[in-house]
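Shown here: entry-v9.cif, mmCIF, C-alpha atoms.
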data_protein
loop_
_atom_site.group_PDB
_atom_site.id
_atom_site.type_symbol
_atom_site.label_atom_id
_atom_site.label_comp_id
_atom_site.auth_asym_id
_atom_site.auth_seq_id
_atom_site.Cartn_x
_atom_site.Cartn_y
_atom_site.Cartn_z
ATOM 1 C CA MET R 25 -31.449 -14.707 35.304
ATOM 2 C CA LYS R 26 -28.888 -15.186 32.536
ATOM 3 C CA TRP R 27 -25.924 -15.514 34.882
ATOM 4 C CA ARG R 28 -27.693 -18.257 36.920
ATOM 5 C CA ARG R 29 -28.453 -20.262 33.755
ATOM 6 C CA HIS R 30 -24.766 -19.955 32.767
ATOM 7 C CA ILE R 31 -23.640 -21.385 36.142
ATOM 8 C CA GLY R 32 -26.134 -24.228 35.764
ATOM 9 C CA ILE R 33 -24.669 -25.212 32.391
ATOM 10 C CA VAL R 34 -21.136 -25.271 33.835
ATOM 11 C CA LEU R 35 -22.276 -27.456 36.767
ATOM 12 C CA LEU R 36 -24.002 -29.831 34.355
ATOM 13 C CA PHE R 37 -20.754 -30.414 32.444
ATOM 14 C CA CYS R 38 -18.766 -30.884 35.645
ATOM 15 C CA SER R 39 -21.249 -33.312 37.187
ATOM 16 C CA SER R 40 -21.159 -35.449 34.043
ATOM 17 C CA GLY R 41 -17.506 -36.230 34.694
ATOM 18 C CA LEU R 42 -16.093 -33.920 31.979
ATOM 19 C CA ASN R 43 -13.339 -31.506 32.907
ATOM 20 C CA ILE R 44 -14.064 -28.712 30.411
ATOM 21 C CA PHE R 45 -10.829 -26.957 31.279
ATOM 22 C CA SER R 46 -8.540 -29.808 30.127
ATOM 23 C CA GLN R 47 -9.953 -30.548 26.676
ATOM 24 C CA GLN R 48 -7.940 -27.891 24.851
ATOM 25 C CA SER R 49 -4.331 -26.869 25.102
ATOM 26 C CA GLU R 50 -2.628 -23.741 23.829
ATOM 27 C CA GLU R 51 -0.511 -24.357 20.743
ATOM 28 C CA LYS R 52 1.350 -22.185 18.241
ATOM 29 C CA PHE R 53 1.531 -22.311 14.455
ATOM 30 C CA ILE R 54 4.443 -20.532 12.823
ATOM 31 C CA GLN R 55 4.271 -19.922 9.098
ATOM 32 C CA ALA R 56 7.660 -19.871 7.426
ATOM 33 C CA THR R 57 8.398 -17.738 4.371
ATOM 34 C CA ARG R 58 11.546 -18.460 2.406
ATOM 35 C CA TYR R 59 13.261 -15.433 0.931
ATOM 36 C CA LEU R 60 16.537 -14.403 -0.620
ATOM 37 C CA LEU R 61 18.359 -11.617 1.202
ATOM 38 C CA TYR R 62 20.910 -9.351 -0.451
ATOM 39 C CA LEU R 63 22.834 -6.860 1.665
ATOM 40 C CA PRO R 64 24.672 -4.035 -0.131
ATOM 41 C CA ASP R 65 28.391 -3.430 0.185
ATOM 42 C CA GLY R 66 29.109 -1.523 3.367
ATOM 43 C CA TYR R 67 26.071 -2.824 5.246
ATOM 44 C CA THR R 68 28.070 -4.779 7.816
ATOM 45 C CA ASN R 69 30.776 -2.135 8.255
ATOM 46 C CA ASP R 70 28.593 0.846 9.114
ATOM 47 C CA THR R 71 26.108 -0.229 11.773
ATOM 48 C CA THR R 72 24.520 3.226 11.983
ATOM 49 C CA GLN R 73 23.356 3.563 8.389
ATOM 50 C CA HIS R 74 19.807 2.628 7.389
ATOM 51 C CA TRP R 75 19.372 1.424 3.831
ATOM 52 C CA PRO R 76 16.682 1.494 1.151
ATOM 53 C CA LEU R 77 14.743 -1.764 0.781
ATOM 54 C CA LEU R 78 13.670 -3.254 -2.541
ATOM 55 C CA ILE R 79 11.173 -6.124 -2.383
ATOM 56 C CA PHE R 80 10.893 -8.313 -5.476
ATOM 57 C CA LEU R 81 7.896 -10.607 -6.119
ATOM 58 C CA HIS R 82 8.537 -13.385 -8.644
ATOM 59 C CA GLY R 83 6.136 -14.808 -11.227
ATOM 60 C CA SER R 84 4.153 -18.061 -11.137
ATOM 61 C CA GLY R 85 6.974 -20.051 -12.768
ATOM 62 C CA GLU R 86 9.170 -19.653 -9.683
ATOM 63 C CA THR R 87 6.517 -20.849 -7.233
ATOM 64 C CA GLY R 88 7.465 -23.832 -5.073
ATOM 65 C CA GLN R 89 9.968 -24.807 -2.385
ATOM 66 C CA ASP R 90 13.192 -24.525 -4.358
ATOM 67 C CA ILE R 91 14.435 -21.068 -3.414
ATOM 68 C CA GLN R 92 17.039 -21.213 -6.185
ATOM 69 C CA LYS R 93 14.251 -20.758 -8.747
ATOM 70 C CA VAL R 94 13.723 -17.210 -7.499
ATOM 71 C CA LYS R 95 17.142 -16.349 -8.951
ATOM 72 C CA LEU R 96 15.940 -16.940 -12.513
ATOM 73 C CA HIS R 97 14.672 -13.424 -13.204
ATOM 74 C CA GLY R 98 14.709 -9.849 -12.021
ATOM 75 C CA PRO R 99 17.021 -8.369 -9.374
ATOM 76 C CA PRO R 100 17.899 -11.789 -7.859
ATOM 77 C CA GLU R 101 19.168 -12.931 -11.254
ATOM 78 C CA LEU R 102 21.268 -9.794 -11.618
ATOM 79 C CA VAL R 103 22.710 -10.206 -8.117
ATOM 80 C CA GLU R 104 23.603 -13.805 -8.945
ATOM 81 C CA LYS R 105 25.477 -12.534 -11.990
ATOM 82 C CA GLY R 106 27.488 -10.140 -9.835
ATOM 83 C CA LYS R 107 25.579 -6.851 -10.112
ATOM 84 C CA LYS R 108 25.871 -4.569 -7.099
ATOM 85 C CA PHE R 109 22.873 -2.670 -5.784
ATOM 86 C CA PRO R 110 22.608 0.152 -3.230
ATOM 87 C CA PHE R 111 19.548 -1.548 -1.686
ATOM 88 C CA ILE R 112 18.749 -4.305 0.693
ATOM 89 C CA ILE R 113 16.930 -6.679 -1.659
ATOM 90 C CA VAL R 114 14.418 -9.205 -0.333
ATOM 91 C CA SER R 115 12.906 -11.762 -2.714
ATOM 92 C CA PRO R 116 10.313 -14.021 -1.030
ATOM 93 C CA GLN R 117 9.090 -17.276 -2.552
ATOM 94 C CA ASN R 118 5.454 -18.195 -2.995
ATOM 95 C CA GLU R 119 5.292 -21.878 -2.032
ATOM 96 C CA GLY R 120 2.336 -23.023 -4.063
ATOM 97 C CA ARG R 121 -0.678 -20.753 -3.911
ATOM 98 C CA PHE R 122 -1.904 -18.992 -7.009
ATOM 99 C CA GLY R 123 -1.288 -15.362 -6.303
ATOM 100 C CA TRP R 124 0.495 -13.716 -3.419
ATOM 101 C CA GLU R 125 -0.879 -13.728 0.133
ATOM 102 C CA ILE R 126 -0.708 -10.054 1.014
ATOM 103 C CA GLU R 127 -1.088 -10.525 4.761
ATOM 104 C CA SER R 128 1.856 -12.940 4.808
ATOM 105 C CA LEU R 129 3.944 -10.452 2.853
ATOM 106 C CA GLN R 130 2.981 -7.678 5.245
ATOM 107 C CA LYS R 131 4.108 -9.818 8.201
ATOM 108 C CA LEU R 132 7.391 -10.443 6.398
ATOM 109 C CA LEU R 133 7.872 -6.698 5.974
ATOM 110 C CA GLY R 134 7.285 -6.209 9.685
ATOM 111 C CA HIS R 135 9.902 -8.860 10.417
ATOM 112 C CA LEU R 136 12.383 -7.176 8.090
ATOM 113 C CA LYS R 137 11.879 -3.815 9.768
ATOM 114 C CA ASN R 138 12.722 -5.430 13.101
ATOM 115 C CA THR R 139 15.764 -7.370 11.926
ATOM 116 C CA GLN R 140 17.415 -5.226 9.238
ATOM 117 C CA ARG R 141 18.563 -1.617 9.191
ATOM 118 C CA ILE R 142 15.921 -0.321 6.787
ATOM 119 C CA ASN R 143 15.184 3.291 5.944
ATOM 120 C CA PRO R 144 11.372 3.355 6.400
ATOM 121 C CA LYS R 145 11.074 6.298 3.997
ATOM 122 C CA LYS R 146 12.625 4.308 1.140
ATOM 123 C CA ILE R 147 10.803 0.998 0.809
ATOM 124 C CA TYR R 148 10.217 0.011 -2.819
ATOM 125 C CA LEU R 149 8.154 -2.798 -4.338
ATOM 126 C CA THR R 150 8.419 -4.493 -7.710
ATOM 127 C CA GLY R 151 7.388 -7.781 -9.282
ATOM 128 C CA LEU R 152 6.747 -9.512 -12.596
ATOM 129 C CA SER R 153 3.644 -11.216 -13.964
ATOM 130 C CA MET R 154 2.024 -12.813 -10.872
ATOM 131 C CA GLY R 155 4.402 -10.604 -8.907
ATOM 132 C CA GLY R 156 3.217 -7.588 -10.914
ATOM 133 C CA TYR R 157 -0.318 -8.336 -9.765
ATOM 134 C CA GLY R 158 1.000 -8.755 -6.229
ATOM 135 C CA THR R 159 2.766 -5.402 -6.442
ATOM 136 C CA TRP R 160 -0.420 -3.568 -7.361
ATOM 137 C CA GLU R 161 -2.464 -5.401 -4.723
ATOM 138 C CA TRP R 162 -0.003 -4.970 -1.848
ATOM 139 C CA ALA R 163 0.444 -1.270 -2.578
ATOM 140 C CA MET R 164 -3.312 -0.715 -2.668
ATOM 141 C CA LYS R 165 -3.851 -2.549 0.604
ATOM 142 C CA TYR R 166 -0.970 -0.897 2.476
ATOM 143 C CA PRO R 167 -0.251 2.338 0.591
ATOM 144 C CA GLU R 168 1.530 3.960 3.555
ATOM 145 C CA GLU R 169 4.352 1.412 3.379
ATOM 146 C CA PHE R 170 5.861 2.209 -0.001
ATOM 147 C CA ALA R 171 7.815 5.091 -1.459
ATOM 148 C CA ALA R 172 7.395 3.807 -5.050
ATOM 149 C CA ILE R 173 6.365 0.714 -6.997
ATOM 150 C CA ALA R 174 7.389 -0.837 -10.326
ATOM 151 C CA PRO R 175 4.918 -3.499 -11.532
ATOM 152 C CA VAL R 176 6.047 -5.464 -14.608
ATOM 153 C CA CYS R 177 3.493 -7.160 -16.943
ATOM 154 C CA GLY R 178 0.872 -7.255 -14.198
ATOM 155 C CA GLY R 179 -2.552 -5.846 -13.521
ATOM 156 C CA GLY R 180 -5.174 -5.639 -10.827
ATOM 157 C CA ASP R 181 -8.599 -4.625 -9.620
ATOM 158 C CA THR R 182 -9.024 -0.934 -10.370
ATOM 159 C CA THR R 183 -11.645 -0.489 -7.635
ATOM 160 C CA ASN R 184 -9.080 0.700 -5.088
ATOM 161 C CA ALA R 185 -6.651 2.366 -7.478
ATOM 162 C CA TRP R 186 -7.443 5.676 -5.760
ATOM 163 C CA LYS R 187 -5.331 4.466 -2.830
ATOM 164 C CA LEU R 188 -2.261 4.737 -5.089
ATOM 165 C CA ARG R 189 -2.671 8.489 -5.594
ATOM 166 C CA ASN R 190 0.404 9.287 -3.458
ATOM 167 C CA ILE R 191 2.704 6.482 -4.661
ATOM 168 C CA PRO R 192 4.893 7.136 -7.722
ATOM 169 C CA ALA R 193 4.876 4.172 -10.101
ATOM 170 C CA TRP R 194 6.861 3.082 -13.113
ATOM 171 C CA VAL R 195 4.868 0.456 -14.981
ATOM 172 C CA PHE R 196 6.281 -1.898 -17.641
ATOM 173 C CA HIS R 197 4.564 -4.156 -20.170
ATOM 174 C CA GLY R 198 5.168 -5.782 -23.540
ATOM 175 C CA ALA R 199 2.913 -4.570 -26.355
ATOM 176 C CA LYS R 200 2.712 -8.115 -27.773
ATOM 177 C CA ASP R 201 2.057 -9.830 -24.429
ATOM 178 C CA ASP R 202 -0.503 -12.586 -25.020
ATOM 179 C CA VAL R 203 -0.328 -14.006 -21.473
ATOM 180 C CA VAL R 204 -1.178 -10.856 -19.525
ATOM 181 C CA LEU R 205 -2.633 -8.421 -22.022
ATOM 182 C CA PRO R 206 -1.188 -4.874 -21.950
ATOM 183 C CA VAL R 207 -4.653 -3.492 -21.216
ATOM 184 C CA GLN R 208 -4.287 -4.937 -17.704
ATOM 185 C CA SER R 209 -1.481 -2.488 -16.940
ATOM 186 C CA GLN R 210 -3.154 0.295 -18.911
ATOM 187 C CA ASN R 211 -6.346 -0.020 -16.853
ATOM 188 C CA MET R 212 -4.421 0.323 -13.593
ATOM 189 C CA VAL R 213 -2.456 3.279 -14.940
ATOM 190 C CA ASN R 214 -5.604 5.074 -16.103
ATOM 191 C CA ALA R 215 -7.482 4.424 -12.857
ATOM 192 C CA SER R 216 -4.581 5.682 -10.726
ATOM 193 C CA ARG R 217 -4.031 8.782 -12.828
ATOM 194 C CA ARG R 218 -7.657 9.821 -12.308
ATOM 195 C CA TYR R 219 -6.693 10.640 -8.735
ATOM 196 C CA GLY R 220 -3.451 12.414 -9.577
ATOM 197 C CA ALA R 221 -0.972 9.558 -9.240
ATOM 198 C CA ALA R 222 2.450 10.192 -10.799
ATOM 199 C CA ILE R 223 2.891 7.254 -13.173
ATOM 200 C CA THR R 224 5.289 6.470 -15.994
ATOM 201 C CA PHE R 225 4.121 3.701 -18.335
ATOM 202 C CA THR R 226 6.728 2.025 -20.550
ATOM 203 C CA LEU R 227 5.270 -0.215 -23.257
ATOM 204 C CA TYR R 228 7.949 -2.194 -25.109
ATOM 205 C CA PRO R 229 6.662 -2.415 -28.714
ATOM 206 C CA GLU R 230 8.286 -5.751 -29.616
ATOM 207 C CA ALA R 231 8.138 -7.545 -26.244
ATOM 208 C CA ASN R 232 5.783 -10.404 -25.482
ATOM 209 C CA HIS R 233 5.261 -11.592 -21.896
ATOM 210 C CA ASN R 234 8.936 -11.280 -21.062
ATOM 211 C CA SER R 235 9.169 -7.539 -20.646
ATOM 212 C CA TRP R 236 11.052 -8.045 -17.389
ATOM 213 C CA ASP R 237 14.507 -8.463 -18.939
ATOM 214 C CA SER R 238 14.263 -5.016 -20.497
ATOM 215 C CA ALA R 239 12.722 -3.492 -17.383
ATOM 216 C CA TYR R 240 15.211 -4.854 -14.853
ATOM 217 C CA ASN R 241 18.273 -4.338 -17.040
ATOM 218 C CA ASN R 242 17.408 -0.651 -17.180
ATOM 219 C CA ASN R 243 19.684 1.050 -14.646
ATOM 220 C CA THR R 244 17.534 4.158 -14.840
ATOM 221 C CA LEU R 245 14.820 2.240 -12.980
ATOM 222 C CA TYR R 246 17.021 1.874 -9.899
ATOM 223 C CA SER R 247 18.165 5.485 -10.036
ATOM 224 C CA TRP R 248 14.538 6.563 -10.254
ATOM 225 C CA LEU R 249 13.574 4.406 -7.274
ATOM 226 C CA LEU R 250 16.303 5.916 -5.125
ATOM 227 C CA GLU R 251 15.008 9.402 -5.921
ATOM 228 C CA GLN R 252 11.638 8.536 -4.353
ATOM 229 C CA SER R 253 10.824 8.908 -0.663
ATOM 230 C CA LYS R 254 7.634 8.001 1.135
ATOM 231 C CA PHE R 255 4.974 10.624 0.579
ATOM 232 C CA ASN R 256 4.100 13.171 3.240
ATOM 233 C CA TYR R 257 1.547 15.931 2.851
ATOM 234 C CA SER R 258 3.061 19.402 3.203
ATOM 235 C CA GLU R 259 1.093 22.302 4.608
ATOM 236 C CA LYS R 260 0.537 25.414 2.501
ATOM 237 C CA THR R 261 -0.816 28.882 3.184
ATOM 238 C CA VAL R 262 -3.956 30.139 1.463
ATOM 239 C CA SER R 263 -6.143 33.196 1.917
ATOM 240 C CA PRO R 264 -8.912 33.094 4.555
ATOM 241 C CA GLY R 265 -11.369 33.960 1.804
ATOM 242 C CA LEU R 266 -10.606 30.698 0.023
ATOM 243 C CA LEU R 267 -11.281 28.712 3.171
ATOM 244 C CA LYS R 268 -14.650 30.353 3.747
ATOM 245 C CA LYS R 269 -16.084 29.031 0.500
ATOM 246 C CA TYR R 270 -15.864 25.482 1.909
ATOM 247 C CA GLN R 271 -17.975 26.309 4.982
ATOM 248 C CA GLY R 272 -21.275 24.495 5.353
ATOM 249 C CA LYS R 273 -22.917 21.204 6.215
ATOM 250 C CA TYR R 274 -22.278 18.033 4.260
ATOM 251 C CA ILE R 275 -24.084 14.689 4.346
ATOM 252 C CA GLY R 276 -22.415 11.325 3.753
ATOM 253 C CA PRO R 277 -23.580 7.985 2.318
ATOM 254 C CA ASP R 278 -24.684 6.776 5.766
ATOM 255 C CA GLN R 279 -26.682 9.975 6.321
ATOM 256 C CA ASP R 280 -24.065 11.227 8.755
ATOM 257 C CA THR R 281 -23.440 14.961 8.660
ATOM 258 C CA VAL R 282 -20.193 16.897 8.911
ATOM 259 C CA LYS R 283 -19.977 20.618 9.562
ATOM 260 C CA ILE R 284 -17.074 22.494 7.962
ATOM 261 C CA GLU R 285 -16.066 25.834 9.425
ATOM 262 C CA ALA R 286 -13.325 28.346 8.618
ATOM 263 C CA LYS R 287 -11.866 29.702 11.845
ATOM 264 C CA ASP R 288 -8.586 31.352 12.836
ATOM 265 C CA ASN R 289 -7.175 30.949 9.306
ATOM 266 C CA GLU R 290 -7.773 27.215 9.257
ATOM 267 C CA LEU R 291 -10.507 24.792 8.263
ATOM 268 C CA ARG R 292 -12.150 22.632 10.882
ATOM 269 C CA ALA R 293 -14.427 19.647 10.468
ATOM 270 C CA TYR R 294 -16.996 18.657 13.061
ATOM 271 C CA PRO R 295 -18.044 15.027 12.536
ATOM 272 C CA GLY R 296 -20.442 14.504 15.426
ATOM 273 C CA ARG R 297 -18.928 15.848 18.642
ATOM 274 C CA ASP R 298 -15.342 15.687 17.403
ATOM 275 C CA THR R 299 -13.253 18.569 16.096
ATOM 276 C CA VAL R 300 -10.782 17.742 13.330
ATOM 277 C CA PRO R 301 -8.400 20.459 12.046
ATOM 278 C CA LEU R 302 -7.935 20.218 8.282
ATOM 279 C CA LYS R 303 -4.535 21.345 7.034
ATOM 280 C CA VAL R 304 -4.147 22.873 3.590
ATOM 281 C CA ALA R 305 -2.230 20.871 0.984
ATOM 282 C CA GLY R 306 -3.665 22.615 -2.068
ATOM 283 C CA GLU R 307 -6.498 24.864 -3.200
ATOM 284 C CA ASN R 308 -9.119 22.154 -2.697
ATOM 285 C CA LEU R 309 -7.006 19.512 -0.931
ATOM 286 C CA PHE R 310 -6.784 19.120 2.842
ATOM 287 C CA PHE R 311 -5.125 16.552 5.089
ATOM 288 C CA ILE R 312 -5.255 15.485 8.724
ATOM 289 C CA GLU R 313 -1.801 14.003 9.427
ATOM 290 C CA PRO R 314 1.236 14.422 7.134
ATOM 291 C CA ALA R 315 2.175 10.719 7.045
ATOM 292 C CA LYS R 316 -1.356 9.308 6.767
ATOM 293 C CA ASN R 317 -2.735 8.389 3.350
ATOM 294 C CA MET R 318 -5.915 10.273 4.175
ATOM 295 C CA ASP R 319 -7.281 13.483 2.688
ATOM 296 C CA ILE R 320 -10.346 15.517 1.819
ATOM 297 C CA ARG R 321 -10.864 16.879 -1.699
ATOM 298 C CA PHE R 322 -13.576 19.460 -2.249
ATOM 299 C CA ILE R 323 -15.501 19.243 -5.499
ATOM 300 C CA GLN R 324 -16.415 22.391 -7.390
ATOM 301 C CA GLU R 325 -18.923 22.528 -10.227
ATOM 302 C CA LYS R 326 -19.718 25.824 -11.996
ATOM 303 C CA ASN R 327 -17.972 27.880 -9.319
ATOM 304 C CA LYS R 328 -19.990 26.164 -6.590
ATOM 305 C CA ILE R 329 -18.748 23.696 -3.979
ATOM 306 C CA THR R 330 -21.024 20.662 -4.290
ATOM 307 C CA GLY R 331 -19.356 18.275 -1.862
ATOM 308 C CA PHE R 332 -16.116 16.581 -0.919
ATOM 309 C CA LEU R 333 -14.433 13.206 -1.210
ATOM 310 C CA PHE R 334 -13.010 11.728 1.962
ATOM 311 C CA MET R 335 -10.280 9.229 1.096
ATOM 312 C CA GLY R 336 -8.808 7.148 3.898
ATOM 313 C CA ASP R 337 -9.448 3.448 4.408
ATOM 314 C CA ARG R 338 -12.588 4.008 2.366
ATOM 315 C CA LYS R 339 -13.606 6.519 -0.265
ATOM 316 C CA LEU R 340 -16.737 8.403 0.757
ATOM 317 C CA PHE R 341 -18.605 11.211 -0.985
ATOM 318 C CA TYR R 342 -20.210 13.913 1.147
ATOM 319 C CA ARG R 343 -22.817 16.116 -0.539
ATOM 320 C CA ARG R 344 -23.188 19.731 0.464
ATOM 321 C CA LEU R 345 -26.567 20.567 1.957
#

Please lay out the structure from this file as structure tokens.
Amino acid sequence: MKWRRHIGIVLLFCSSGLNIFSQQSEEKFIQATRYLLYLPDGYTNDTTQHWPLLIFLHGSGETGQDIQKVKLHGPPELVEKGKKFPFIIVSPQNEGRFGWEIESLQKLLGHLKNTQRINPKKIYLTGLSMGGYGTWEWAMKYPEEFAAIAPVCGGGDTTNAWKLRNIPAWVFHGAKDDVVLPVQSQNMVNASRRYGAAITFTLYPEANHNSWDSAYNNNTLYSWLLEQSKFNYSEKTVSPGLLKKYQGKYIGPDQDTVKIEAKDNELRAYPGRDTVPLKVAGENLFFIEPAKNMDIRFIQEKNKITGFLFMGDRKLFYRRL
């Protein structure tokens, strides 16, 4: 029997004079992340108020272990020159890797939520060059964290741009940039817009790689950020007749089937033995939970429903049978 063989192996180790329980000890590795912290005027006086958070990701030139380098550009530079902001501003430093480690940044955000009075509905992300790439990547990996993003002269992998559909973005680039070509931003903008993302793209006609001075010296950017709050789906009312046209069976990429049924003026999905109420967000758009970046979009071709896209952690197409 398997359990008898297991006991025999343990006895063999013990009889050979080895104490298998003393060869390893429990240790802990703590990864430190240096960051600049700016607290707005009034933060320390009013201990009940929760503030917007702006996270700034620097470019490759500020990488290292000298935190003062992070003050060379962007919001940290402006703070150093005396500018006041109505945000908590956090500017981490990348110590030497090429590109930002998103999981480390996500852990930092968790730490900030626990230690600072942050309004979770108003967390904003921006960055330049390498930090522009990091802004796109972080927002695509954790889209439920951010109310808005502002990538400057960056770019990214457009594969998961659909995850940005509910995050407003203001994108900046220099038309003459020969370090990160403007098409890198344009590709991300185009890919995001295909799924309905609200994006403003500012292309500075005479700017080369340094488009960040113009972007961050634009006070309208900060006003725009403050106007944004984290997206929530809102439920709408539609006619029962509209719901009925989505009824039927649908098959997914793994050959799993989902039954859709209109009942009691709502749409219900039956994946396997589960029942999932689908709430109406638009004529062909349905959601499950208001704060979750997860929805179902029915596809209509020639007045016929041909399937739906499920967009959550993955994007899956279900064909109507």

Spatial neighbours of Gly296 of chain R, 9 Å, all atoms listed in the file, chain gap at least 5 places, as a ChimeraX atom specification: /R:280-283

How many Å lie between atom CA of Leu149 of chain R and atom CA of Trp248 of chain R, rounded to one decimal?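 Atom CA of Trp248 of chain R lies at a distance of 12.8 Å from atom CA of Leu149 of chain R.
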
Can you tell me how far atom CA of Asp65 of chain R sits from atom CA of Ser247 of chain R, in Å to one decimal?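 Distance reported for this atom pair: 17.0 Å.
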
Carefully work through the PyMOL selection byres ((chain R and resi 100) around 9) for this structure and note down the residues it includes, as a ChimeraX atom specification. /R:60,62,80,94-99,101-105,113-115

Which centre and edge lengths in Å to one decimal define the box along x, y and z that fits every listed atom of segment 109-117 of chain R plus 3 Å per side, as lines of an AutoDock Vina configuration file?
center_x = 16.0
center_y = -8.6
center_z = -2.5
size_x = 19.8
size_y = 23.4
size_z = 12.5

Could you work out how far atom CA of Asp90 of chain R lies from atom CA of Tyr59 of chain R, giving the answer in Å with one decimal?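 That distance, rounded to one decimal, is 10.5 Å.
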
I need the output of the PyMOL selection byres ((chain R and resi 168) around 7) for this file as a VMD selection string; which residues are they? chain R and resid 166 to 167 169 to 170 316 to 317

Shortest interatomic distance to Thr224 of chain R - which of R:Ile284, R:Val176, R:Ala193, R:Ala305, counting all atoms listed in the file: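 Among R:Ile284, R:Val176, R:Ala193, R:Ala305, it is R:Ala193 that comes nearest to Thr224 of chain R.
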
Add whatever atoms are absent from segment 97-116 of chain R to reach N, CA and C atoms, and provide the output as a PDB file, keeping the file's coordinate frame.
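So the final result, stored in rebuild22.pdb, reads:
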ATOM      1  N   HIS R  97      15.037 -14.670 -12.542  1.00  0.00           N
ATOM      2  CA  HIS R  97      14.672 -13.424 -13.204  1.00  0.00           C
ATOM      3  C   HIS R  97      14.801 -12.252 -12.231  1.00  0.00           C
ATOM      4  N   GLY R  98      14.788 -11.054 -12.816  1.00  0.00           N
ATOM      5  CA  GLY R  98      14.709  -9.849 -12.021  1.00  0.00           C
ATOM      6  C   GLY R  98      15.966  -9.548 -11.225  1.00  0.00           C
ATOM      7  N   PRO R  99      15.861  -8.728 -10.197  1.00  0.00           N
ATOM      8  CA  PRO R  99      17.021  -8.369  -9.374  1.00  0.00           C
ATOM      9  C   PRO R  99      17.783  -9.560  -8.801  1.00  0.00           C
ATOM     10  N   PRO R 100      17.114 -10.647  -8.363  1.00  0.00           N
ATOM     11  CA  PRO R 100      17.899 -11.789  -7.859  1.00  0.00           C
ATOM     12  C   PRO R 100      18.808 -12.402  -8.930  1.00  0.00           C
ATOM     13  N   GLU R 101      18.328 -12.428 -10.161  1.00  0.00           N
ATOM     14  CA  GLU R 101      19.168 -12.931 -11.254  1.00  0.00           C
ATOM     15  C   GLU R 101      20.387 -12.031 -11.442  1.00  0.00           C
ATOM     16  N   LEU R 102      20.166 -10.732 -11.414  1.00  0.00           N
ATOM     17  CA  LEU R 102      21.268  -9.794 -11.618  1.00  0.00           C
ATOM     18  C   LEU R 102      22.281  -9.874 -10.482  1.00  0.00           C
ATOM     19  N   VAL R 103      21.796 -10.034  -9.258  1.00  0.00           N
ATOM     20  CA  VAL R 103      22.710 -10.206  -8.117  1.00  0.00           C
ATOM     21  C   VAL R 103      23.542 -11.463  -8.293  1.00  0.00           C
ATOM     22  N   GLU R 104      22.894 -12.527  -8.749  1.00  0.00           N
ATOM     23  CA  GLU R 104      23.603 -13.805  -8.945  1.00  0.00           C
ATOM     24  C   GLU R 104      24.692 -13.665 -10.003  1.00  0.00           C
ATOM     25  N   LYS R 105      24.481 -12.762 -10.941  1.00  0.00           N
ATOM     26  CA  LYS R 105      25.477 -12.534 -11.990  1.00  0.00           C
ATOM     27  C   LYS R 105      26.550 -11.522 -11.580  1.00  0.00           C
ATOM     28  N   GLY R 106      26.441 -11.014 -10.351  1.00  0.00           N
ATOM     29  CA  GLY R 106      27.488 -10.140  -9.835  1.00  0.00           C
ATOM     30  C   GLY R 106      27.163  -8.667  -9.771  1.00  0.00           C
ATOM     31  N   LYS R 107      25.930  -8.276 -10.147  1.00  0.00           N
ATOM     32  CA  LYS R 107      25.579  -6.851 -10.112  1.00  0.00           C
ATOM     33  C   LYS R 107      25.457  -6.376  -8.672  1.00  0.00           C
ATOM     34  N   LYS R 108      25.947  -5.183  -8.416  1.00  0.00           N
ATOM     35  CA  LYS R 108      25.871  -4.569  -7.099  1.00  0.00           C
ATOM     36  C   LYS R 108      24.706  -3.583  -7.060  1.00  0.00           C
ATOM     37  N   PHE R 109      24.002  -3.579  -5.971  1.00  0.00           N
ATOM     38  CA  PHE R 109      22.873  -2.670  -5.784  1.00  0.00           C
ATOM     39  C   PHE R 109      23.049  -1.882  -4.493  1.00  0.00           C
ATOM     40  N   PRO R 110      22.547  -0.650  -4.459  1.00  0.00           N
ATOM     41  CA  PRO R 110      22.608   0.152  -3.230  1.00  0.00           C
ATOM     42  C   PRO R 110      21.386  -0.059  -2.337  1.00  0.00           C
ATOM     43  N   PHE R 111      20.725  -1.212  -2.476  1.00  0.00           N
ATOM     44  CA  PHE R 111      19.548  -1.548  -1.686  1.00  0.00           C
ATOM     45  C   PHE R 111      19.809  -2.802  -0.855  1.00  0.00           C
ATOM     46  N   ILE R 112      19.050  -2.968   0.192  1.00  0.00           N
ATOM     47  CA  ILE R 112      18.749  -4.305   0.693  1.00  0.00           C
ATOM     48  C   ILE R 112      17.706  -4.867  -0.261  1.00  0.00           C
ATOM     49  N   ILE R 113      17.917  -6.065  -0.757  1.00  0.00           N
ATOM     50  CA  ILE R 113      16.930  -6.679  -1.659  1.00  0.00           C
ATOM     51  C   ILE R 113      16.392  -7.948  -1.005  1.00  0.00           C
ATOM     52  N   VAL R 114      15.088  -8.032  -0.900  1.00  0.00           N
ATOM     53  CA  VAL R 114      14.418  -9.205  -0.333  1.00  0.00           C
ATOM     54  C   VAL R 114      13.502  -9.787  -1.397  1.00  0.00           C
ATOM     55  N   SER R 115      13.676 -11.087  -1.667  1.00  0.00           N
ATOM     56  CA  SER R 115      12.906 -11.762  -2.714  1.00  0.00           C
ATOM     57  C   SER R 115      12.241 -12.998  -2.109  1.00  0.00           C
ATOM     58  N   PRO R 116      11.000 -12.871  -1.631  1.00  0.00           N
ATOM     59  CA  PRO R 116      10.313 -14.021  -1.030  1.00  0.00           C
ATOM     60  C   PRO R 116       9.870 -15.019  -2.090  1.00  0.00           C
TER      61      PRO R 116
END
